[in-house]
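**Student:** What follows is my_file19.txt, made up of compact mmCIF, C-alpha atoms:
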```txt
# COMPACT_ATOMS: atom_id res chain seq x y z
CA MET D 1 -76.39 6.03 24.20
CA LEU D 2 -77.75 6.04 20.68
CA ILE D 3 -77.25 2.96 18.56
CA MET D 4 -76.20 2.36 15.00
CA GLU D 5 -78.85 1.15 12.58
CA THR D 6 -77.10 -2.20 12.06
CA GLN D 7 -77.66 -3.37 15.62
CA THR D 8 -80.02 -6.28 16.16
CA LEU D 9 -83.38 -6.39 17.90
CA LYS D 10 -81.90 -8.17 20.88
CA THR D 11 -79.53 -5.35 21.83
CA LYS D 12 -80.09 -3.66 25.16
CA LYS D 13 -79.06 -0.27 23.80
CA ARG D 14 -81.63 2.32 22.81
CA ILE D 15 -83.14 2.29 19.34
CA SER D 16 -83.63 5.84 18.16
CA TRP D 17 -86.83 5.49 16.13
CA ILE D 18 -88.53 3.62 18.98
CA ASP D 19 -87.66 6.40 21.42
CA ILE D 20 -89.01 8.94 18.93
CA ALA D 21 -92.21 6.90 18.58
CA LYS D 22 -92.48 6.88 22.38
CA PHE D 23 -92.07 10.64 22.34
CA PHE D 24 -95.09 10.94 20.05
CA ALA D 25 -97.05 8.52 22.24
CA ILE D 26 -96.42 10.41 25.48
CA PHE D 27 -96.91 13.81 23.85
CA LEU D 28 -100.29 12.68 22.54
CA VAL D 29 -101.21 11.51 26.04
CA VAL D 30 -100.20 14.80 27.66
CA ILE D 31 -101.81 17.03 25.07
CA GLY D 32 -104.90 14.80 25.11
CA HIS D 33 -105.24 15.42 28.85
CA THR D 34 -104.79 19.16 28.25
CA PHE D 35 -107.36 19.69 25.50
CA ASP D 36 -110.87 20.77 26.42
CA GLU D 37 -113.34 17.92 25.92
CA SER D 38 -115.16 19.81 23.14
CA ASN D 39 -112.01 20.25 21.02
CA PRO D 40 -112.19 18.19 17.78
CA ALA D 41 -108.47 17.37 18.01
CA LEU D 42 -109.13 15.44 21.23
CA GLN D 43 -111.43 13.02 19.42
CA PHE D 44 -108.69 12.28 16.89
CA ILE D 45 -106.06 11.64 19.57
CA TYR D 46 -108.36 9.31 21.49
CA LEU D 47 -108.80 7.12 18.40
CA PHE D 48 -105.38 5.55 18.88
CA HIS D 49 -103.06 7.09 21.50
CA VAL D 50 -103.50 4.39 24.18
CA PRO D 51 -103.28 1.41 21.76
CA PHE D 52 -100.20 3.09 20.29
CA PHE D 53 -98.52 2.93 23.71
CA PHE D 54 -99.34 -0.76 24.16
CA PHE D 55 -98.25 -1.49 20.57
CA LEU D 56 -94.85 0.05 21.35
CA SER D 57 -94.71 -1.98 24.56
CA GLY D 58 -95.12 -5.10 22.45
CA ILE D 59 -92.34 -3.98 20.10
CA THR D 60 -89.95 -3.47 23.01
CA TYR D 61 -91.09 -6.53 25.00
CA SER D 62 -88.51 -9.23 25.70
CA TYR D 63 -89.44 -12.63 27.13
CA LYS D 64 -87.94 -13.56 30.51
CA GLU D 65 -87.80 -17.22 31.48
CA ASN D 66 -87.82 -16.58 35.22
CA GLN D 67 -91.46 -15.60 35.77
CA LEU D 68 -91.09 -14.58 39.43
CA GLU D 69 -88.12 -12.38 38.62
CA PHE D 70 -90.04 -10.81 35.74
CA ILE D 71 -93.06 -10.08 37.95
CA LYS D 72 -90.83 -8.65 40.69
CA ASN D 73 -89.07 -6.40 38.20
CA LYS D 74 -92.33 -5.09 36.76
CA ILE D 75 -93.79 -4.44 40.22
CA ILE D 76 -90.70 -2.41 41.14
CA ARG D 77 -90.70 -0.48 37.85
CA LEU D 78 -94.45 0.05 37.44
CA TYR D 79 -96.53 -0.59 40.55
CA ILE D 80 -94.29 0.99 43.20
CA PRO D 81 -94.05 4.31 41.26
CA TYR D 82 -97.84 4.10 40.76
CA PHE D 83 -98.31 3.53 44.50
CA ILE D 84 -96.02 6.40 45.57
CA VAL D 85 -97.40 8.98 43.11
CA SER D 86 -100.97 7.86 43.94
CA LEU D 87 -100.35 8.60 47.62
CA ILE D 88 -98.88 11.99 46.74
CA SER D 89 -101.88 12.70 44.49
CA ILE D 90 -104.32 11.76 47.24
CA VAL D 91 -102.57 14.02 49.75
CA VAL D 92 -102.59 16.92 47.26
CA TYR D 93 -106.30 16.55 46.53
CA LEU D 94 -107.23 16.08 50.17
CA LEU D 95 -105.41 19.31 50.97
CA MET D 96 -106.66 21.20 47.93
CA GLY D 97 -110.16 19.78 47.81
CA SER D 98 -111.78 22.96 49.08
CA VAL D 99 -110.13 24.93 46.26
CA ILE D 100 -110.42 22.68 43.21
CA GLY D 101 -112.64 19.86 44.38
CA ALA D 102 -115.82 21.02 42.71
CA ASN D 103 -114.05 21.28 39.36
CA ILE D 104 -112.73 17.70 39.31
CA GLY D 105 -115.57 15.83 40.93
CA PHE D 106 -113.80 15.62 44.29
CA ASN D 107 -116.36 15.42 47.06
CA GLY D 108 -114.36 16.02 50.20
CA PRO D 109 -111.81 14.34 52.47
CA ASP D 110 -112.84 10.71 51.97
CA ILE D 111 -109.47 9.21 52.85
CA LEU D 112 -110.63 5.60 52.95
CA GLY D 113 -112.41 6.00 49.62
CA CYS D 114 -109.25 7.40 48.04
CA LEU D 115 -107.10 4.58 49.40
CA TYR D 116 -109.61 2.00 48.23
CA GLY D 117 -109.61 3.60 44.80
CA MET D 118 -105.82 3.48 44.71
CA LEU D 119 -105.75 -0.25 45.52
CA TYR D 120 -108.68 -1.19 43.27
CA ALA D 121 -107.23 0.99 40.50
CA ASN D 122 -110.09 1.14 38.01
CA VAL D 123 -111.19 4.50 36.65
CA SER D 124 -114.41 3.08 35.18
CA ALA D 125 -115.54 2.08 38.67
CA GLY D 126 -115.47 5.76 39.69
CA ASN D 127 -112.09 5.60 41.39
CA MET D 128 -108.89 7.60 41.01
CA MET D 129 -110.41 11.04 40.46
CA TRP D 130 -107.26 12.39 42.14
CA ASN D 131 -105.06 11.32 39.19
CA ARG D 132 -106.91 9.34 36.53
CA PRO D 133 -104.01 8.92 34.05
CA LEU D 134 -102.29 6.62 36.55
CA TRP D 135 -104.71 3.82 35.57
CA PHE D 136 -102.32 2.99 32.75
CA LEU D 137 -99.59 1.62 35.04
CA PRO D 138 -101.55 -1.16 36.83
CA ALA D 139 -103.09 -2.12 33.48
CA LEU D 140 -99.65 -2.27 31.84
CA LEU D 141 -98.39 -4.37 34.76
CA VAL D 142 -101.20 -6.89 34.24
CA VAL D 143 -100.69 -6.93 30.46
CA LEU D 144 -96.96 -7.62 30.71
CA ILE D 145 -97.34 -10.36 33.32
CA ILE D 146 -99.97 -12.14 31.23
CA THR D 147 -97.84 -11.67 28.11
CA ASN D 148 -94.77 -13.25 29.72
CA LEU D 149 -96.85 -16.19 30.93
CA ILE D 150 -98.26 -16.73 27.44
CA GLU D 151 -94.86 -16.41 25.79
CA ALA D 152 -93.59 -19.22 28.04
CA ILE D 153 -95.80 -21.64 26.08
CA LYS D 154 -93.76 -23.28 23.33
CA ASN D 155 -96.69 -24.10 21.07
CA ARG D 156 -97.16 -21.06 18.78
CA PRO D 157 -100.82 -21.72 17.81
CA ILE D 158 -101.75 -21.93 21.48
CA ARG D 159 -99.94 -18.65 22.19
CA VAL D 160 -101.78 -16.92 19.35
CA ALA D 161 -105.10 -18.37 20.49
CA LEU D 162 -104.52 -17.15 24.06
CA PHE D 163 -103.62 -13.62 22.94
CA ILE D 164 -106.71 -13.37 20.74
CA GLY D 165 -109.03 -15.20 23.13
CA LEU D 166 -108.07 -13.22 26.24
CA SER D 167 -108.24 -9.96 24.33
CA ALA D 168 -111.73 -10.87 23.10
CA LEU D 169 -112.66 -11.67 26.70
CA GLY D 170 -111.48 -8.21 27.74
CA TYR D 171 -113.64 -6.51 25.12
CA TYR D 172 -116.59 -8.69 26.12
CA LEU D 173 -116.20 -7.79 29.82
CA SER D 174 -115.94 -4.14 28.83
CA SER D 175 -119.19 -4.38 26.85
CA LEU D 176 -120.87 -5.80 29.97
CA ARG D 177 -119.41 -2.87 31.99
CA VAL D 178 -117.54 -5.26 34.30
CA PHE D 179 -114.85 -3.29 36.12
CA LEU D 180 -112.09 -5.47 37.59
CA PRO D 181 -109.25 -4.56 39.96
CA LEU D 182 -106.13 -3.05 38.34
CA GLN D 183 -108.23 -2.23 35.27
CA THR D 184 -107.84 -5.90 34.28
CA GLU D 185 -110.67 -5.89 31.74
CA THR D 186 -108.88 -3.07 29.91
CA ALA D 187 -105.55 -4.88 30.28
CA LEU D 188 -107.02 -7.97 28.63
CA SER D 189 -108.38 -5.82 25.81
CA MET D 190 -104.91 -4.36 25.24
CA LEU D 191 -103.30 -7.80 24.84
CA VAL D 192 -104.05 -7.63 21.12
CA TRP D 193 -101.73 -4.62 20.81
CA ILE D 194 -98.90 -6.31 22.69
CA PHE D 195 -99.38 -9.32 20.40
CA LEU D 196 -99.26 -7.13 17.28
CA GLY D 197 -96.09 -5.45 18.55
CA ILE D 198 -94.39 -8.79 19.17
CA LEU D 199 -95.64 -10.18 15.86
CA LEU D 200 -94.62 -7.23 13.69
CA LYS D 201 -91.39 -5.98 15.27
CA LYS D 202 -89.12 -7.66 12.70
CA SER D 203 -91.36 -6.54 9.84
CA LEU D 204 -91.11 -2.96 11.06
CA TYR D 205 -87.35 -3.07 10.76
CA LYS D 206 -87.73 -4.23 7.17
CA LEU D 207 -90.29 -1.50 6.51
CA LYS D 208 -87.87 1.14 7.84
CA LYS D 209 -85.48 0.32 4.96
CA LYS D 210 -88.02 1.39 2.33
CA SER D 211 -87.43 4.65 0.47
CA LYS D 212 -88.70 7.90 1.98
CA PRO D 213 -91.23 8.57 -0.83
CA THR D 214 -92.67 5.07 -0.32
CA LEU D 215 -92.96 5.62 3.43
CA ILE D 216 -94.59 9.03 2.96
CA VAL D 217 -97.20 7.66 0.53
CA LEU D 218 -97.89 4.73 2.87
CA ALA D 219 -98.30 7.08 5.86
CA ILE D 220 -100.78 9.26 3.95
CA LEU D 221 -102.84 6.24 2.90
CA LEU D 222 -102.83 4.80 6.43
CA PHE D 223 -103.88 8.17 7.85
CA LEU D 224 -106.79 8.53 5.43
CA VAL D 225 -108.01 4.99 6.07
CA GLY D 226 -107.52 5.12 9.85
CA TYR D 227 -109.06 8.54 10.31
CA ARG D 228 -112.05 7.84 8.07
CA ILE D 229 -112.82 4.55 9.81
CA GLY D 230 -112.33 6.20 13.19
CA LEU D 231 -114.80 8.97 12.34
CA TYR D 232 -117.40 6.42 11.31
CA ASN D 233 -116.84 4.22 14.35
CA GLY D 234 -117.42 7.06 16.83
CA SER D 235 -115.87 8.24 20.08
CA ILE D 236 -113.19 6.14 21.78
CA SER D 237 -111.99 6.18 25.38
CA VAL D 238 -109.87 3.18 26.37
CA MET D 239 -109.62 4.48 29.94
CA VAL D 240 -113.35 3.84 30.47
CA ASP D 241 -113.61 0.89 28.05
CA LEU D 242 -115.51 2.61 25.25
CA TYR D 243 -114.58 1.43 21.74
CA GLY D 244 -117.16 3.02 19.44
CA LYS D 245 -119.73 1.13 17.38
CA TYR D 246 -117.59 -1.87 16.51
CA VAL D 247 -114.44 -3.14 18.23
CA TYR D 248 -112.93 -4.46 14.98
CA LEU D 249 -113.22 -1.00 13.36
CA TYR D 250 -111.58 0.57 16.39
CA ILE D 251 -108.66 -1.91 16.07
CA ILE D 252 -108.23 -1.21 12.34
CA SER D 253 -108.39 2.55 12.85
CA ALA D 254 -106.01 2.58 15.82
CA PHE D 255 -103.54 0.32 14.04
CA CYS D 256 -103.47 2.49 10.91
CA LEU D 257 -102.99 5.70 12.88
CA SER D 258 -100.33 4.14 15.12
CA MET D 259 -98.43 3.04 12.03
CA VAL D 260 -98.56 6.62 10.71
CA PHE D 261 -96.58 7.84 13.72
CA ILE D 262 -94.19 4.90 13.55
CA ILE D 263 -93.45 5.80 9.92
CA ILE D 264 -92.97 9.45 10.93
CA SER D 265 -90.49 8.17 13.53
CA PHE D 266 -88.68 6.25 10.77
CA LEU D 267 -88.45 9.44 8.72
CA ILE D 268 -87.14 11.57 11.59
CA ASP D 269 -84.74 8.76 12.60
CA HIS D 270 -82.66 10.84 15.04
CA ASN D 271 -83.61 13.75 17.28
CA SER D 272 -81.90 14.10 20.65
CA ILE D 273 -84.73 16.02 22.35
CA MET D 274 -87.43 13.62 21.16
CA GLU D 275 -85.32 10.61 22.10
CA TYR D 276 -84.66 11.98 25.58
CA ILE D 277 -88.38 12.54 26.20
CA GLY D 278 -89.12 9.10 24.72
CA ARG D 279 -86.72 7.53 27.20
CA ASN D 280 -88.59 9.17 30.08
CA THR D 281 -92.22 8.37 29.26
CA LEU D 282 -92.81 6.75 32.65
CA ALA D 283 -91.75 9.87 34.53
CA ILE D 284 -93.96 12.08 32.36
CA LEU D 285 -96.90 9.72 32.74
CA LEU D 286 -96.51 9.79 36.52
CA TRP D 287 -96.26 13.55 37.01
CA HIS D 288 -97.86 15.41 34.09
CA LYS D 289 -101.33 15.68 35.59
CA PHE D 290 -100.13 17.98 38.39
CA PRO D 291 -99.06 20.94 36.20
CA ILE D 292 -101.96 20.35 33.81
CA GLU D 293 -104.48 20.55 36.67
CA PHE D 294 -102.81 23.74 37.86
CA PHE D 295 -103.19 25.40 34.44
CA GLN D 296 -106.71 24.04 33.89
CA LEU D 297 -108.16 24.84 37.29
CA VAL D 298 -106.08 27.45 39.09
CA CYS D 299 -103.88 29.57 36.82
CA PRO D 300 -105.67 32.85 35.99
CA GLY D 301 -106.21 33.52 32.32
CA VAL D 302 -104.72 30.25 31.04
CA LYS D 303 -107.70 28.15 32.14
CA ASN D 304 -109.99 30.44 30.12
CA TRP D 305 -107.74 30.29 27.06
CA LEU D 306 -107.77 26.47 27.19
CA ILE D 307 -111.55 26.43 26.81
CA SER D 308 -111.79 29.43 24.49
CA PRO D 309 -114.28 29.13 21.59
CA ASN D 310 -111.44 30.52 19.46
CA LEU D 311 -109.86 27.20 18.46
CA ILE D 312 -106.58 28.79 17.34
CA LEU D 313 -106.09 30.39 20.77
CA ALA D 314 -107.19 27.21 22.54
CA ASP D 315 -104.87 24.98 20.46
CA ILE D 316 -101.83 27.24 20.90
CA THR D 317 -102.45 27.45 24.65
CA THR D 318 -102.95 23.69 24.87
CA PHE D 319 -99.70 23.03 23.03
CA CYS D 320 -97.76 25.41 25.29
CA VAL D 321 -99.27 23.93 28.46
CA ALA D 322 -98.44 20.41 27.26
CA VAL D 323 -94.80 21.34 26.59
CA ILE D 324 -94.45 23.09 29.94
CA SER D 325 -96.08 20.11 31.70
CA ILE D 326 -93.59 17.70 30.13
CA ILE D 327 -90.66 19.89 31.23
CA LEU D 328 -92.04 20.17 34.76
CA SER D 329 -92.69 16.41 34.89
CA LEU D 330 -89.05 15.73 34.11
CA LEU D 331 -88.07 18.24 36.79
CA PHE D 332 -90.39 16.58 39.34
CA GLN D 333 -88.86 13.23 38.51
CA ALA D 334 -85.33 14.55 39.00
CA ILE D 335 -86.32 15.95 42.42
CA TYR D 336 -88.09 12.71 43.34
CA LEU D 337 -85.07 10.59 42.40
CA LYS D 338 -82.72 12.85 44.32
CA ILE D 339 -84.87 12.59 47.46
CA PHE D 340 -85.29 8.83 47.01
CA ASN D 341 -81.55 8.29 46.49
CA ASN D 342 -80.71 10.38 49.56
CA ILE D 343 -83.11 8.29 51.65
CA GLN D 344 -81.52 5.11 50.34
CA LYS D 345 -78.02 6.38 51.17
CA ARG D 346 -79.08 7.29 54.71
CA LYS D 347 -80.53 3.83 55.21
CA LEU D 348 -77.27 2.29 54.06
CA ILE D 349 -75.27 4.51 56.39
CA THR D 350 -77.43 3.80 59.44
```
Represent the supplied structure as structure tokens.

**Tutor:**
Amino acid sequence: MLIMETQTLKTKKRISWIDIAKFFAIFLVVIGHTFDESNPALQFIYLFHVPFFFFLSGITYSYKENQLEFIKNKIIRLYIPYFIVSLISIVVYLLMGSVIGANIGFNGPDILGCLYGMLYANVSAGNMMWNRPLWFLPALLVVLIITNLIEAIKNRPIRVALFIGLSALGYYLSSLRVFLPLQTETALSMLVWIFLGILLKKSLYKLKKKSKPTLIVLAILLFLVGYRIGLYNGSISVMVDLYGKYVYLYIISAFCLSMVFIIISFLIDHNSIMEYIGRNTLAILLWHKFPIEFFQLVCPGVKNWLISPNLILADITTFCVAVISIILSLLFQAIYLKIFNNIQKRKLIT
């Protein structure tokens, strides 16, 4: 159910502009995984799309006093889906390895290696070649658990110091190329974005009330600043802990560009399709790599168009594949839920 603009931050109902912002976040993730690595648009997306997701997680975060209940809830919502889809991904790649293995760096039926990679869950350590985008879920789990523990501290300066200090530790570990289980070094690095989301959520609601011309001018300025700084700072890939020349420039750039899409979400305000997709980001994150891999590695013609030197053809194809992959991901999720619910009903009956 959509909500009226006058509802408070504490409401459990959906907030339309946040769902629209989540739509942009997940679409950038999907299209980023579809683009050929040489496409200039990919470099732009990688400047901010992952921090944008964590920033939105901070905006929607709500402190829970019962830590064990909070952890249990996040494991059920994040880790169990990660675990199930990881197993499915491993089975698919073990079965299809002879067909597509050479194209994705898959070196044969190493079942134990795949299972170890699933449990260790760190892409930078060379794991998870069977579905690399899934790294986000264990990292988000770690981030949210740490966040809830920090938010339990009543002393505000200590909370701020912990957010900043642990985030700095994450960037330091990343610079040393230390790869921890559950992508914990990346999770620590992303704490700064959760902190910014928590810190600025009320200010964003005030910003939304500004006039449309003011918001448009602000978005243009933020884009110019964020993009220019991002170009200077160099290539970014949060998944493998690469943050360009300087971490502080990466943070400034990613923040500016994230704010551009938040302002665009303010301006759109309501869009039922975008909001629906924004409400289902987890499902899309879980399943989108399957159709993308099919188009990139198997589908005749399309895989050549995706890497075409003709950028117009490549971009149009990439956009179409991304849209189709989102639709198929939602379909996969519906099938998965139906199967899961039927299993649960049978267990209850027996």

**Student:** Ranking D:Ala283, D:Leu182, D:Ile45, D:Leu68 by minimum distance to Ser253 (chain D) and counting only C-alpha atoms, which one comes first?

**Tutor:**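 With only C-alpha atoms as the atom set, the closest residue is D:Ile45.
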
**Student:** Would you please work out which residue, of D:Ile194, D:Leu173, D:Ile262, D:Ile251, is nearest to Asn148 (chain D) when using all atoms listed in the file?

**Tutor:** D:Ile194

**Student:** Could you give me, as a ChimeraX atom specification, the residues within 10 Å of Pro181 (chain D), counting all atoms listed in the file and dropping anything in the same chain fewer than 3 positions from it?

**Tutor:** /D:117-123,125,138-139,184-185

**Student:** Using Å and a single decimal, report how far CA of His33 (chain D) sits from CA of Val240 (chain D).

**Tutor:** 14.2 Å

**Student:** Counting only C-alpha atoms, figure out which residue out of D:Ile71, D:Ala41, D:Ile18, D:Leu297 gets nearest to Ile312 (chain D).

**Tutor:**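 Among the listed residues, the smallest separation from Ile312 (chain D) belongs to D:Ala41.
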
**Student:** For the atom pair CA of Leu306 (chain D) and CA of Phe294 (chain D), what is the interatomic distance in Å to one decimal place?

**Tutor:**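 Between these atoms lies a distance of 12.1 Å.
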
**Student:** Can you measure CA of Phe290 (chain D) to CA of Lys338 (chain D) for me? One decimal in Å is fine.

**Tutor:**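 That distance, rounded to one decimal, is 19.1 Å.
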
**Student:** Please provide as a ChimeraX atom specification all residues within 7 Å of region 77-90 of chain D, with the sequence filter that same-chain residues fewer than 3 positions apart are discarded (counting only C-alpha atoms).

**Tutor:** /D:73-74,93-94,114,118,130-131,134,137-138,141,286

**Student:** Find, counting only C-alpha atoms, the residue in D:Val298, D:Ala219, D:Val260, D:Leu166 that gets nearest to Thr147 (chain D).

**Tutor:**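 Closest to Thr147 (chain D), using only C-alpha atoms: D:Leu166.
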
**Student:** From the options D:Val323, D:Leu218, D:Cys299, D:Leu115, which residue's atoms come nearest to Met259 (chain D), counting all atoms listed in the file?

**Tutor:**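 Under the stated criterion, the closest residue is D:Leu218.
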
**Student:** Would you kindly identify which residues have an atom no farther than 9 Å from (-107.9, 12.2, 20.8), using all atoms listed in the file and the file's own coordinates, and write them out as a short mmCIF file (atom, residue, chain, number, x, y, z; two decimals) with C-alpha atoms, keeping the file's coordinate frame?

**Tutor:**
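As a result, selection_38.cif now contains:
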```
data_model
loop_
_atom_site.label_atom_id
_atom_site.label_comp_id
_atom_site.auth_asym_id
_atom_site.auth_seq_id
_atom_site.Cartn_x
_atom_site.Cartn_y
_atom_site.Cartn_z
CA LEU D 28 -100.29 12.68 22.54
CA VAL D 29 -101.21 11.51 26.04
CA ILE D 31 -101.81 17.03 25.07
CA GLY D 32 -104.90 14.80 25.11
CA PHE D 35 -107.36 19.69 25.50
CA PRO D 40 -112.19 18.19 17.78
CA ALA D 41 -108.47 17.37 18.01
CA LEU D 42 -109.13 15.44 21.23
CA GLN D 43 -111.43 13.02 19.42
CA PHE D 44 -108.69 12.28 16.89
CA ILE D 45 -106.06 11.64 19.57
CA TYR D 46 -108.36 9.31 21.49
CA LEU D 47 -108.80 7.12 18.40
CA PHE D 48 -105.38 5.55 18.88
CA HIS D 49 -103.06 7.09 21.50
CA SER D 235 -115.87 8.24 20.08
CA ILE D 236 -113.19 6.14 21.78
CA SER D 237 -111.99 6.18 25.38
#
```

**Student:** Which is closer to Leu56 (chain D) than all the others in D:Ala152, D:Leu199, D:Leu112, D:Val178, using only C-alpha atoms?

**Tutor:** D:Leu199

**Student:** Could you model N, CA and C atoms for region 202-215 of chain D and present them as a short mmCIF file (atom, residue, chain, number, x, y, z; two decimals), in the coordinates of the input?

**Tutor:**
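File written: part14.cif
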```cif
data_model
loop_
_atom_site.label_atom_id
_atom_site.label_comp_id
_atom_site.auth_asym_id
_atom_site.auth_seq_id
_atom_site.Cartn_x
_atom_site.Cartn_y
_atom_site.Cartn_z
N LYS D 202 -90.12 -7.42 13.75
CA LYS D 202 -89.12 -7.66 12.70
C LYS D 202 -89.56 -7.07 11.37
N SER D 203 -90.85 -7.13 11.08
CA SER D 203 -91.36 -6.54 9.84
C SER D 203 -91.19 -5.04 9.82
N LEU D 204 -91.29 -4.41 10.98
CA LEU D 204 -91.11 -2.96 11.06
C LEU D 204 -89.68 -2.56 10.70
N TYR D 205 -88.73 -3.36 11.11
CA TYR D 205 -87.35 -3.07 10.76
C TYR D 205 -87.12 -3.18 9.25
N LYS D 206 -87.81 -4.11 8.63
CA LYS D 206 -87.73 -4.23 7.17
C LYS D 206 -88.42 -3.05 6.49
N LEU D 207 -89.56 -2.64 7.06
CA LEU D 207 -90.29 -1.50 6.51
C LEU D 207 -89.46 -0.22 6.58
N LYS D 208 -88.68 -0.06 7.65
CA LYS D 208 -87.87 1.14 7.84
C LYS D 208 -86.86 1.33 6.70
N LYS D 209 -86.49 0.25 6.04
CA LYS D 209 -85.48 0.32 4.96
C LYS D 209 -86.07 0.79 3.63
N LYS D 210 -87.39 0.93 3.56
CA LYS D 210 -88.02 1.39 2.33
C LYS D 210 -87.63 2.85 2.07
N SER D 211 -87.78 3.28 0.83
CA SER D 211 -87.43 4.65 0.47
C SER D 211 -88.36 5.64 1.15
N LYS D 212 -87.89 6.87 1.33
CA LYS D 212 -88.70 7.90 1.98
C LYS D 212 -89.98 8.21 1.22
N PRO D 213 -89.96 8.34 -0.11
CA PRO D 213 -91.23 8.57 -0.83
C PRO D 213 -92.24 7.45 -0.60
N THR D 214 -91.77 6.21 -0.57
CA THR D 214 -92.67 5.07 -0.32
C THR D 214 -93.29 5.17 1.07
N LEU D 215 -92.46 5.51 2.06
CA LEU D 215 -92.96 5.62 3.43
C LEU D 215 -93.95 6.77 3.56
#
```
